[in-house]
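To be precise, the following lines are upload_5.csv, and they hold CSV, C-alpha atoms.
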```
chain,number,residue,atom,x,y,z
A,1,MET,CA,109.0,130.6,77.0
A,2,TYR,CA,112.6,130.7,78.3
A,3,SER,CA,113.4,133.9,76.6
A,4,TYR,CA,110.2,135.5,77.9
A,5,PHE,CA,111.3,134.6,81.4
A,6,ILE,CA,114.8,136.0,81.0
A,7,THR,CA,113.4,139.2,79.5
A,8,SER,CA,110.9,139.6,82.4
A,9,LEU,CA,113.6,138.9,84.9
A,10,SER,CA,116.0,141.5,83.5
A,11,ILE,CA,113.2,144.1,83.5
A,12,VAL,CA,112.4,143.3,87.2
A,13,GLU,CA,116.2,143.6,88.0
A,14,LYS,CA,116.4,146.9,86.2
A,15,ILE,CA,113.3,148.3,87.9
A,16,SER,CA,114.6,147.2,91.4
A,17,ASP,CA,118.1,148.6,90.7
A,18,ASN,CA,116.7,151.9,89.6
A,19,ALA,CA,114.4,152.0,92.6
A,20,PHE,CA,117.3,151.7,95.0
A,21,PHE,CA,120.2,153.1,93.2
A,22,GLY,CA,118.6,155.8,91.0
A,23,SER,CA,118.5,156.1,87.3
A,24,GLU,CA,121.1,154.7,85.0
A,25,ASP,CA,122.4,158.1,84.1
A,26,SER,CA,123.5,158.9,87.6
A,27,ILE,CA,127.3,158.8,88.0
A,28,LEU,CA,128.2,155.3,89.2
A,29,ASN,CA,124.8,155.0,90.8
A,30,VAL,CA,126.1,156.6,94.0
A,31,THR,CA,124.0,159.8,94.0
A,32,PRO,CA,121.0,158.3,95.8
A,33,LEU,CA,123.3,156.7,98.3
A,34,THR,CA,125.0,160.0,99.2
A,35,ARG,CA,121.5,161.6,99.5
A,36,TRP,CA,120.5,158.8,101.9
A,37,PHE,CA,123.6,159.3,104.0
A,38,GLY,CA,123.0,163.1,104.1
A,39,PHE,CA,119.4,162.4,105.2
A,40,GLU,CA,120.7,160.0,107.9
A,41,THR,CA,123.3,162.5,109.0
A,42,ALA,CA,120.6,165.2,109.4
A,43,GLU,CA,118.5,162.8,111.5
A,44,ILE,CA,121.4,162.0,113.8
A,45,LYS,CA,122.2,165.7,114.2
A,46,PHE,CA,118.6,166.4,115.2
A,47,LYS,CA,118.5,163.5,117.7
A,48,LYS,CA,121.7,164.7,119.3
A,49,VAL,CA,120.6,168.3,120.0
A,50,TYR,CA,116.8,168.0,120.5
A,51,GLY,CA,115.5,168.4,124.0
A,52,ASP,CA,117.2,168.3,127.4
A,53,LEU,CA,118.2,165.7,130.0
A,54,THR,CA,114.5,164.8,130.6
A,55,THR,CA,113.5,164.3,127.0
A,56,THR,CA,112.8,160.7,126.2
A,57,PRO,CA,113.8,159.0,122.9
A,58,ALA,CA,110.1,158.6,122.1
A,59,GLU,CA,109.6,162.4,122.4
A,60,THR,CA,112.6,163.0,120.2
A,61,ASN,CA,111.3,160.6,117.6
A,62,GLN,CA,107.8,162.2,117.7
A,63,ALA,CA,109.4,165.6,117.1
A,64,LEU,CA,111.4,164.3,114.3
A,65,ALA,CA,108.3,162.8,112.7
A,66,GLY,CA,106.6,166.2,112.9
A,67,ILE,CA,109.5,167.9,111.2
A,68,LYS,CA,109.5,165.2,108.5
A,69,GLU,CA,105.8,165.9,107.9
A,70,LEU,CA,106.6,169.7,107.7
A,71,ALA,CA,109.4,168.9,105.3
A,72,LYS,CA,107.1,167.1,102.9
A,73,GLY,CA,105.3,170.4,102.3
A,74,TYR,CA,108.4,172.1,101.2
A,75,ILE,CA,109.6,169.4,98.7
A,76,GLN,CA,107.4,171.1,96.0
A,77,TYR,CA,109.5,174.3,96.5
A,78,GLY,CA,112.8,172.4,96.0
A,79,VAL,CA,113.8,172.1,99.6
A,80,ALA,CA,115.3,168.8,100.5
A,81,VAL,CA,114.0,166.9,103.5
A,82,LYS,CA,117.5,166.7,104.9
A,83,ASP,CA,117.9,170.5,104.7
A,84,THR,CA,114.6,171.0,106.7
A,85,ILE,CA,115.7,168.4,109.3
A,86,SER,CA,119.1,170.1,109.5
A,87,LEU,CA,117.5,173.5,109.9
A,88,ALA,CA,115.2,172.1,112.7
A,89,ALA,CA,118.3,170.6,114.4
A,90,ASP,CA,119.9,174.1,114.4
A,91,ALA,CA,116.7,175.6,115.9
A,92,ALA,CA,116.6,172.8,118.4
A,93,ALA,CA,120.1,173.6,119.4
A,94,ALA,CA,119.0,177.1,120.0
A,95,GLY,CA,116.4,175.8,122.5
A,96,TYR,CA,113.2,175.3,120.6
A,97,GLN,CA,111.1,172.3,121.2
A,98,GLY,CA,107.7,170.9,120.2
A,99,VAL,CA,105.3,173.2,118.4
A,100,ALA,CA,107.6,176.1,118.8
A,101,LEU,CA,110.3,174.2,117.0
A,102,GLN,CA,107.9,173.3,114.1
A,103,ASN,CA,106.8,177.0,113.9
A,104,GLN,CA,110.4,178.2,114.0
A,105,THR,CA,111.4,175.7,111.3
A,106,ASN,CA,108.4,176.6,109.2
A,107,ALA,CA,109.1,180.3,109.4
A,108,ALA,CA,112.8,180.0,108.6
A,109,THR,CA,112.2,177.7,105.7
A,110,LYS,CA,109.5,180.0,104.3
A,111,LEU,CA,111.8,182.9,104.6
A,112,ALA,CA,114.6,181.0,102.9
A,113,VAL,CA,112.4,180.0,100.1
A,114,LEU,CA,110.8,183.4,99.5
A,115,GLY,CA,114.1,185.3,99.8
A,116,GLN,CA,116.2,182.7,98.1
A,117,ILE,CA,118.7,182.9,101.0
A,118,ASP,CA,120.6,180.4,103.0
A,119,ASN,CA,118.8,178.4,105.7
A,120,GLN,CA,121.2,179.5,108.4
A,121,LYS,CA,120.7,183.2,107.5
A,122,ALA,CA,116.9,182.7,107.6
A,123,LEU,CA,117.1,181.0,111.0
A,124,GLN,CA,119.3,183.8,112.4
A,125,THR,CA,116.9,186.4,111.1
A,126,THR,CA,113.8,184.7,112.6
A,127,ILE,CA,115.5,184.3,116.0
A,128,THR,CA,116.6,187.9,115.9
A,129,LEU,CA,113.1,189.1,115.1
A,130,GLN,CA,111.8,187.1,118.1
A,131,ASN,CA,114.5,188.3,120.5
A,132,ALA,CA,114.5,191.9,119.4
A,133,PHE,CA,110.8,192.6,118.9
A,134,GLY,CA,109.3,189.9,121.1
A,135,ILE,CA,107.4,188.3,118.3
A,136,SER,CA,105.9,184.9,119.2
A,137,THR,CA,106.4,181.9,117.0
A,138,GLN,CA,102.8,182.1,116.0
A,139,ASP,CA,103.1,185.7,114.9
A,140,LEU,CA,106.3,185.1,113.0
A,141,ALA,CA,104.5,183.9,109.9
A,142,GLY,CA,102.7,187.2,109.6
A,143,THR,CA,106.0,189.0,110.0
A,144,ILE,CA,107.6,186.9,107.2
A,145,ASP,CA,104.6,187.7,105.0
A,146,PHE,CA,105.0,191.4,105.7
A,147,LEU,CA,108.8,191.3,104.8
A,148,ASN,CA,107.9,189.5,101.6
A,149,ALA,CA,105.4,192.2,100.8
A,150,VAL,CA,108.1,194.8,101.4
A,151,GLU,CA,110.4,193.0,99.0
A,152,ASN,CA,107.6,192.8,96.3
A,153,GLN,CA,106.8,196.5,96.6
A,154,THR,CA,110.3,198.0,96.8
A,155,VAL,CA,113.7,197.6,95.3
A,156,THR,CA,114.9,196.1,98.6
A,157,SER,CA,115.5,192.4,98.4
A,158,LEU,CA,114.7,189.9,101.1
A,159,ASP,CA,118.4,189.1,101.2
A,160,ASP,CA,119.2,192.8,102.0
A,161,ILE,CA,116.4,192.8,104.7
A,162,THR,CA,117.7,189.6,106.3
A,163,THR,CA,121.2,191.0,106.3
A,164,ALA,CA,120.1,194.2,108.0
A,165,ILE,CA,117.7,192.7,110.6
A,166,PRO,CA,120.3,191.2,112.9
A,167,LYS,CA,122.3,194.4,112.9
A,168,ALA,CA,119.6,197.0,113.1
A,169,ALA,CA,116.7,195.3,115.0
A,170,PRO,CA,118.0,195.9,118.5
A,171,VAL,CA,118.7,199.6,117.8
A,172,VAL,CA,115.2,200.1,116.3
A,173,LYS,CA,113.6,198.4,119.2
A,174,GLN,CA,115.5,200.6,121.7
A,175,LEU,CA,114.2,203.6,119.9
A,176,GLY,CA,110.7,202.3,120.3
A,177,GLY,CA,110.2,200.9,116.8
A,178,ASN,CA,108.9,197.6,115.5
A,179,VAL,CA,109.5,195.5,112.4
A,180,LYS,CA,107.4,197.9,110.2
A,181,ASP,CA,109.6,200.8,111.2
A,182,LEU,CA,112.7,198.8,110.5
A,183,ALA,CA,111.4,197.9,107.0
A,184,PHE,CA,110.5,201.6,106.4
A,185,PHE,CA,114.1,202.7,107.1
A,186,LEU,CA,115.5,200.1,104.8
```

Show how you would write the structure in this file as structure tokens.
Amino acid sequence: MYSYFITSLSIVEKISDNAFFGSEDSILNVTPLTRWFGFETAEIKFKKVYGDLTTTPAETNQALAGIKELAKGYIQYGVAVKDTISLAADAAAAGYQGVALQNQTNAATKLAVLGQIDNQKALQTTITLQNAFGISTQDLAGTIDFLNAVENQTVTSLDDITTAIPKAAPVVKQLGGNVKDLAFFL
């Protein structure tokens, strides 16, 4: 009876340790803690840059909850929640709020996943597309799908396209072109 209790207790301890600190094969069991601190850092960064002087903490927390829900959908593609929150913080620093922030974060994350590019580069590309061609945040998803189709049907990679867009988009727009014209010339 006593040995059964000790064995059961050690199993419970092992389960609880692994639940908080990760598996036994993690190096010194600090990997989950560093992941948690990275997550916490991303949340703090988001809360610092979201909104303006009139934004209440409740509105900031509501926006953060919306971004967390959005991030859950990208976990299956290998995007960490902290990376999505950090990307949303960068978009919030650029002035996006509410639904526009969620759409911007969604489009940039989608572009980063499809093109296997850096989140910052994807965000810069989506902002450039909106500024140069006047694309709304709702229409941005269709533009990302179009750029992905261009990548799939040509030898041009999405990384090449996202490198060219910030440089060439204003010129193409001044010549009367749009995103499709820009993709054609690439």

Within 12 Å of region 158-162 of chain A, which residues of region 59-154 of chain A show up? Give each one with its shortest atom-to-atom distance in Å (one decimal) and the two atoms involved, counting only C-alpha atoms, rows by chain then rising residue number, as a Markdown table.
```
| residue | atom | partner | partner_atom | distance |
| --- | --- | --- | --- | --- |
| A:Ala108 | CA | A:Thr162 | CA | 11.0 |
| A:Lys110 | CA | A:Leu158 | CA | 11.6 |
| A:Leu111 | CA | A:Leu158 | CA | 8.3 |
| A:Ala112 | CA | A:Leu158 | CA | 9.1 |
| A:Val113 | CA | A:Leu158 | CA | 10.2 |
| A:Leu114 | CA | A:Leu158 | CA | 7.7 |
| A:Gly115 | CA | A:Leu158 | CA | 4.8 |
| A:Gln116 | CA | A:Asp159 | CA | 7.4 |
| A:Ile117 | CA | A:Asp159 | CA | 6.2 |
| A:Asp118 | CA | A:Asp159 | CA | 9.2 |
| A:Asn119 | CA | A:Thr162 | CA | 11.3 |
| A:Gln120 | CA | A:Thr162 | CA | 10.9 |
| A:Lys121 | CA | A:Thr162 | CA | 7.2 |
| A:Ala122 | CA | A:Thr162 | CA | 7.1 |
| A:Leu123 | CA | A:Thr162 | CA | 9.8 |
| A:Gln124 | CA | A:Thr162 | CA | 8.6 |
| A:Thr125 | CA | A:Thr162 | CA | 5.8 |
| A:Thr126 | CA | A:Thr162 | CA | 8.9 |
| A:Ile127 | CA | A:Thr162 | CA | 11.3 |
| A:Thr128 | CA | A:Thr162 | CA | 9.8 |
| A:Leu129 | CA | A:Thr162 | CA | 9.9 |
| A:Ile144 | CA | A:Leu158 | CA | 9.8 |
| A:Asp145 | CA | A:Leu158 | CA | 11.0 |
| A:Phe146 | CA | A:Leu158 | CA | 10.8 |
| A:Leu147 | CA | A:Leu158 | CA | 7.1 |
| A:Asn148 | CA | A:Leu158 | CA | 6.8 |
| A:Ala149 | CA | A:Leu158 | CA | 9.6 |
| A:Val150 | CA | A:Leu158 | CA | 8.2 |
| A:Glu151 | CA | A:Leu158 | CA | 5.7 |
| A:Asn152 | CA | A:Leu158 | CA | 9.0 |
| A:Gln153 | CA | A:Leu158 | CA | 11.2 |
| A:Thr154 | CA | A:Leu158 | CA | 10.2 |
```

For the residues selected in the previous step, produce a file with C-alpha atoms as a compact mmCIF listing (two decimals), in the coordinates of the input.
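As a result, result-v5.txt now contains:
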```txt
# COMPACT_ATOMS: atom_id res chain seq x y z
CA ALA A 108 112.80 180.00 108.60
CA LYS A 110 109.50 180.00 104.30
CA LEU A 111 111.80 182.90 104.60
CA ALA A 112 114.60 181.00 102.90
CA VAL A 113 112.40 180.00 100.10
CA LEU A 114 110.80 183.40 99.50
CA GLY A 115 114.10 185.30 99.80
CA GLN A 116 116.20 182.70 98.10
CA ILE A 117 118.70 182.90 101.00
CA ASP A 118 120.60 180.40 103.00
CA ASN A 119 118.80 178.40 105.70
CA GLN A 120 121.20 179.50 108.40
CA LYS A 121 120.70 183.20 107.50
CA ALA A 122 116.90 182.70 107.60
CA LEU A 123 117.10 181.00 111.00
CA GLN A 124 119.30 183.80 112.40
CA THR A 125 116.90 186.40 111.10
CA THR A 126 113.80 184.70 112.60
CA ILE A 127 115.50 184.30 116.00
CA THR A 128 116.60 187.90 115.90
CA LEU A 129 113.10 189.10 115.10
CA ILE A 144 107.60 186.90 107.20
CA ASP A 145 104.60 187.70 105.00
CA PHE A 146 105.00 191.40 105.70
CA LEU A 147 108.80 191.30 104.80
CA ASN A 148 107.90 189.50 101.60
CA ALA A 149 105.40 192.20 100.80
CA VAL A 150 108.10 194.80 101.40
CA GLU A 151 110.40 193.00 99.00
CA ASN A 152 107.60 192.80 96.30
CA GLN A 153 106.80 196.50 96.60
CA THR A 154 110.30 198.00 96.80
```

TODO: Between CA of Lys47 (chain A) and CA of Ala88 (chain A), measure the distance and give it in Å to one decimal.
DONE: 10.5 Å

Task: Distance of CA of Leu140 (chain A) from CA of Ile75 (chain A), expressed in Å to one decimal place - done: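 One can read the CA of Ile75 (chain A) to CA of Leu140 (chain A) distance as 21.5 Å.
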
TODO: Around the point (115.1, 177.4, 115.4) in the file's coordinates, collect all residues with an atom within 10 Å, using only C-alpha atoms, and return them as JSON, numbers by chain.
DONE: {"A": [87, 88, 89, 90, 91, 92, 93, 94, 95, 96, 97, 100, 101, 102, 103, 104, 105, 106, 107, 108, 120, 122, 123, 124, 126, 127, 137]}

Open item on the list: Just to confirm, what's the straight-line distance from CA of Lys48 (chain A) to CA of Leu70 (chain A) in Å (one decimal)?
Closed with: 19.7 Å

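With all atoms listed in the file as the atoms that count, the residue of A:Ile85, A:Leu182, A:Leu53, A:Val79 with the shortest distance to Thr41 (chain A) is A:Ile85.
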
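Contact shell of Ala132 (chain A) at 12 Å (all atoms listed in the file; same-chain neighbours under 4 positions omitted): Gln124, Thr125, Thr126, Ile127, Thr128, Ser136, Ile165, Pro166, Lys167, Ala168, Ala169, Pro170, Val171, Val172, Lys173, Gln174, Leu175, Gly176, Gly177, Asn178, Val179 and Leu182 of chain A.
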
Let me see the file: selected residues, C-alpha atoms, as a PDB file, in the coordinates of the input.
```
ATOM      1  CA  GLN A 124     119.300 183.800 112.400  1.00  0.00           C
ATOM      2  CA  THR A 125     116.900 186.400 111.100  1.00  0.00           C
ATOM      3  CA  THR A 126     113.800 184.700 112.600  1.00  0.00           C
ATOM      4  CA  ILE A 127     115.500 184.300 116.000  1.00  0.00           C
ATOM      5  CA  THR A 128     116.600 187.900 115.900  1.00  0.00           C
ATOM      6  CA  SER A 136     105.900 184.900 119.200  1.00  0.00           C
ATOM      7  CA  ILE A 165     117.700 192.700 110.600  1.00  0.00           C
ATOM      8  CA  PRO A 166     120.300 191.200 112.900  1.00  0.00           C
ATOM      9  CA  LYS A 167     122.300 194.400 112.900  1.00  0.00           C
ATOM     10  CA  ALA A 168     119.600 197.000 113.100  1.00  0.00           C
ATOM     11  CA  ALA A 169     116.700 195.300 115.000  1.00  0.00           C
ATOM     12  CA  PRO A 170     118.000 195.900 118.500  1.00  0.00           C
ATOM     13  CA  VAL A 171     118.700 199.600 117.800  1.00  0.00           C
ATOM     14  CA  VAL A 172     115.200 200.100 116.300  1.00  0.00           C
ATOM     15  CA  LYS A 173     113.600 198.400 119.200  1.00  0.00           C
ATOM     16  CA  GLN A 174     115.500 200.600 121.700  1.00  0.00           C
ATOM     17  CA  LEU A 175     114.200 203.600 119.900  1.00  0.00           C
ATOM     18  CA  GLY A 176     110.700 202.300 120.300  1.00  0.00           C
ATOM     19  CA  GLY A 177     110.200 200.900 116.800  1.00  0.00           C
ATOM     20  CA  ASN A 178     108.900 197.600 115.500  1.00  0.00           C
ATOM     21  CA  VAL A 179     109.500 195.500 112.400  1.00  0.00           C
ATOM     22  CA  LEU A 182     112.700 198.800 110.500  1.00  0.00           C
TER      23      LEU A 182
END
```
